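Right, one structure below, let's go through it.
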Amino acid sequence: MPVFTQVVLYTAADGRAAFRDEAIEFTEGTPASMLTPLLASGGYQLRHSPVGFRSTFHCTGTPQWVFILSGQMEIGLQDGSTRVFKPGEHFYSADTLPAGATFDAAVHGHWSRQVGDAPLQTLFVRGDESVRASGGAGG
């Protein structure tokens, strides 16, 4: 059975952001047009980041899919590792602040930046809070 590899940016047990890959199986549809189960969403936004954009360390407020439409986006973690996402690539951003924690820029979150000569355009698709609360798809 084919799978879609969902790249997840999440908060590890130590409170630091990390990446992991999760498989989403295509369990529905027909052999000619296989589908995943319907995944709930809570709306979407488009974002334009000009050449030179770079954020400071931050946590994701609301878990969401991030799809790179044009340009390139680099994500940096507290351990110094980075990952570049190009047009057509994605990740699920779910590195929220741990419950009861106060944000510490030396421990929590990630930074992002535009890479290269082209502005960065992204599509953010928010997860559905009720699905995450019930243990469904999300992160």
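Ordering of the structure tokens sets the chain letters (A, B, ...), residue numbers begin anew at 1 in every chain, and ligands are numbered from 1 in the order given.
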
Next on the checklist: Just want the 10 Å neighbourhood of Ile75 (chain A), counted on only C-alpha atoms, with same-chain residues fewer than 5 positions away dropped. Output as a PyMOL selection string.
Outcome noted: chain A and resi 9+54-55+81-85+110-114

Checklist entry - region 63-66 of chain A: which residues within 12 Å, counting only C-alpha atoms, same-chain residues fewer than 3 positions away excluded, as number ranges by chain? => result A: 6-11, 39-47, 59-60, 69, 72-73, 75, 85-97, 112, 120-129, 131-133, 137-139

Since we have the selection now, will you write its residues out, keeping N, CA and C atoms, as a compact mmCIF listing (two decimals), in the first residue's frame?
# COMPACT_ATOMS: atom_id res chain seq x y z
N GLN A 6 4.76 12.14 5.96
CA GLN A 6 4.48 13.42 6.59
C GLN A 6 5.68 13.77 7.46
N VAL A 7 6.38 14.85 7.13
CA VAL A 7 7.49 15.35 7.96
C VAL A 7 6.86 16.16 9.09
N VAL A 8 7.18 15.81 10.33
CA VAL A 8 6.58 16.48 11.48
C VAL A 8 7.66 17.20 12.28
N LEU A 9 7.46 18.50 12.51
CA LEU A 9 8.28 19.30 13.42
C LEU A 9 7.51 19.30 14.73
N TYR A 10 8.06 18.70 15.79
CA TYR A 10 7.31 18.51 17.03
C TYR A 10 8.16 18.89 18.24
N THR A 11 7.52 18.92 19.40
CA THR A 11 8.22 19.17 20.66
C THR A 11 8.53 17.83 21.31
N LEU A 39 -8.73 14.18 6.21
CA LEU A 39 -8.06 14.80 7.35
C LEU A 39 -8.74 16.14 7.61
N ALA A 40 -9.13 16.37 8.84
CA ALA A 40 -9.82 17.61 9.20
C ALA A 40 -8.86 18.79 9.16
N SER A 41 -9.39 19.99 8.89
CA SER A 41 -8.57 21.20 8.92
C SER A 41 -9.39 22.34 9.52
N GLY A 42 -8.68 23.36 9.94
CA GLY A 42 -9.31 24.51 10.57
C GLY A 42 -9.09 25.80 9.80
N GLY A 43 -8.90 25.70 8.47
CA GLY A 43 -8.68 26.89 7.64
C GLY A 43 -7.26 26.95 7.13
N TYR A 44 -7.01 27.92 6.24
CA TYR A 44 -5.67 28.06 5.67
C TYR A 44 -5.31 29.52 5.47
N GLN A 45 -4.01 29.77 5.36
CA GLN A 45 -3.48 31.10 5.07
C GLN A 45 -2.34 30.96 4.09
N LEU A 46 -2.15 31.95 3.26
CA LEU A 46 -0.99 32.06 2.39
C LEU A 46 -0.05 33.09 3.01
N ARG A 47 1.25 32.88 2.85
CA ARG A 47 2.22 33.86 3.39
C ARG A 47 3.27 34.16 2.34
N CYS A 59 7.84 29.10 19.00
CA CYS A 59 7.08 27.85 18.94
C CYS A 59 5.87 28.05 18.04
N THR A 60 5.37 26.98 17.50
CA THR A 60 4.15 27.02 16.72
C THR A 60 2.98 27.27 17.66
N LEU A 69 5.29 26.78 -1.65
CA LEU A 69 4.76 27.01 -3.00
C LEU A 69 5.84 27.53 -3.94
N GLN A 72 12.40 29.05 -1.08
CA GLN A 72 12.89 28.00 -0.19
C GLN A 72 12.80 28.48 1.25
N MET A 73 12.49 27.55 2.15
CA MET A 73 12.38 27.85 3.58
C MET A 73 13.34 26.96 4.34
N ILE A 75 14.50 25.75 8.16
CA ILE A 75 14.08 25.66 9.56
C ILE A 75 15.31 25.26 10.37
N PHE A 85 13.43 23.33 2.90
CA PHE A 85 12.26 22.83 2.19
C PHE A 85 12.09 23.65 0.92
N LYS A 86 11.90 22.94 -0.19
CA LYS A 86 11.81 23.55 -1.52
C LYS A 86 10.38 23.48 -2.04
N PRO A 87 10.08 24.16 -3.15
CA PRO A 87 8.72 24.11 -3.69
C PRO A 87 8.23 22.67 -3.87
N GLY A 88 7.01 22.43 -3.44
CA GLY A 88 6.42 21.10 -3.51
C GLY A 88 6.67 20.28 -2.27
N GLU A 89 7.54 20.73 -1.37
CA GLU A 89 7.81 20.00 -0.13
C GLU A 89 6.95 20.57 1.00
N HIS A 90 6.93 19.89 2.11
CA HIS A 90 6.05 20.26 3.21
C HIS A 90 6.64 19.80 4.55
N PHE A 91 6.02 20.28 5.62
CA PHE A 91 6.20 19.70 6.95
C PHE A 91 4.97 20.05 7.77
N TYR A 92 4.75 19.28 8.83
CA TYR A 92 3.65 19.55 9.76
C TYR A 92 4.27 20.19 10.98
N SER A 93 3.97 21.46 11.20
CA SER A 93 4.58 22.22 12.29
C SER A 93 3.73 22.07 13.55
N ALA A 94 4.27 21.32 14.52
CA ALA A 94 3.53 21.05 15.75
C ALA A 94 4.44 21.16 16.97
N ASP A 95 5.46 22.01 16.89
CA ASP A 95 6.36 22.18 18.04
C ASP A 95 5.82 23.27 18.95
N THR A 96 4.74 22.94 19.63
CA THR A 96 4.08 23.87 20.54
C THR A 96 4.83 23.94 21.87
N LEU A 97 4.61 25.00 22.61
CA LEU A 97 5.23 25.15 23.93
C LEU A 97 4.67 24.08 24.86
N SER A 112 12.89 30.22 11.37
CA SER A 112 12.71 29.97 9.94
C SER A 112 13.28 31.15 9.17
N LEU A 120 9.79 33.85 -0.61
CA LEU A 120 9.20 32.60 -0.13
C LEU A 120 7.69 32.75 -0.06
N GLN A 121 6.97 31.83 -0.69
CA GLN A 121 5.52 31.80 -0.57
C GLN A 121 5.12 30.44 -0.03
N THR A 122 4.31 30.47 1.03
CA THR A 122 3.91 29.23 1.70
C THR A 122 2.40 29.20 1.88
N LEU A 123 1.90 27.99 2.02
CA LEU A 123 0.50 27.74 2.34
C LEU A 123 0.47 27.06 3.70
N PHE A 124 -0.24 27.67 4.65
CA PHE A 124 -0.41 27.11 5.99
C PHE A 124 -1.82 26.55 6.08
N VAL A 125 -1.95 25.27 6.40
CA VAL A 125 -3.26 24.63 6.58
C VAL A 125 -3.33 24.18 8.03
N ARG A 126 -4.18 24.85 8.79
CA ARG A 126 -4.28 24.54 10.21
C ARG A 126 -4.95 23.21 10.45
N GLY A 127 -4.46 22.51 11.48
CA GLY A 127 -5.10 21.28 11.90
C GLY A 127 -6.41 21.61 12.60
N ASP A 128 -7.23 20.62 12.81
CA ASP A 128 -8.51 20.79 13.49
C ASP A 128 -8.31 20.46 14.95
N GLU A 129 -8.53 21.43 15.82
CA GLU A 129 -8.32 21.25 17.27
C GLU A 129 -9.11 20.07 17.82
N VAL A 131 -9.91 17.28 16.38
CA VAL A 131 -9.30 16.01 16.00
C VAL A 131 -8.08 15.74 16.87
N ARG A 132 -7.23 16.77 17.09
CA ARG A 132 -6.06 16.57 17.94
C ARG A 132 -6.46 16.25 19.36
N ALA A 133 -7.49 16.93 19.88
CA ALA A 133 -7.91 16.70 21.25
C ALA A 133 -8.42 15.28 21.46
N ALA A 137 -5.54 12.59 13.84
CA ALA A 137 -4.40 13.07 13.07
C ALA A 137 -3.89 14.38 13.61
N GLY A 138 -2.62 14.61 13.51
CA GLY A 138 -2.04 15.86 13.99
C GLY A 138 -0.62 15.66 14.38
N GLY A 139 -0.28 15.81 15.61
CA GLY A 139 1.11 15.62 15.96
C GLY A 139 1.28 15.92 17.38

Checklist entry - Of the candidates A:Val115, A:Gly80, A:Met1, A:Thr62, which one gets nearest to Thr30 (chain A) if we count only C-alpha atoms? => result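 Answer, going by the shortest atom-to-atom distance: A:Met1.
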
Next on the checklist: Calculated over only C-alpha atoms, which of the candidates A:Ile68, A:Phe26, A:Leu38, A:Gly109 has the smallest distance to Ala12 (chain A)?
Outcome noted: A:Gly109

Checklist entry - Just how far from CA of His108 (chain A) is CA of Gly15 (chain A), in Å to one decimal? => result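 Here the two named atoms are 6.1 Å from each other.
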
Item to check | CA of Val107 (chain A) to CA of Arg16 (chain A), straight-line distance in Å | outcome: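 These atoms are spaced 5.9 Å apart.
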
Item to check | Distance criterion (only C-alpha atoms): nearest to Val51 (chain A) out of A:Pro119, A:Gly100, A:Gly76, A:Pro37 | outcome: A:Pro119

Checklist entry - So, counting only C-alpha atoms, which residue among A:Ala99, A:Gly116, A:His48, A:Pro2 is closest to Ser33 (chain A)? => result A:Pro2
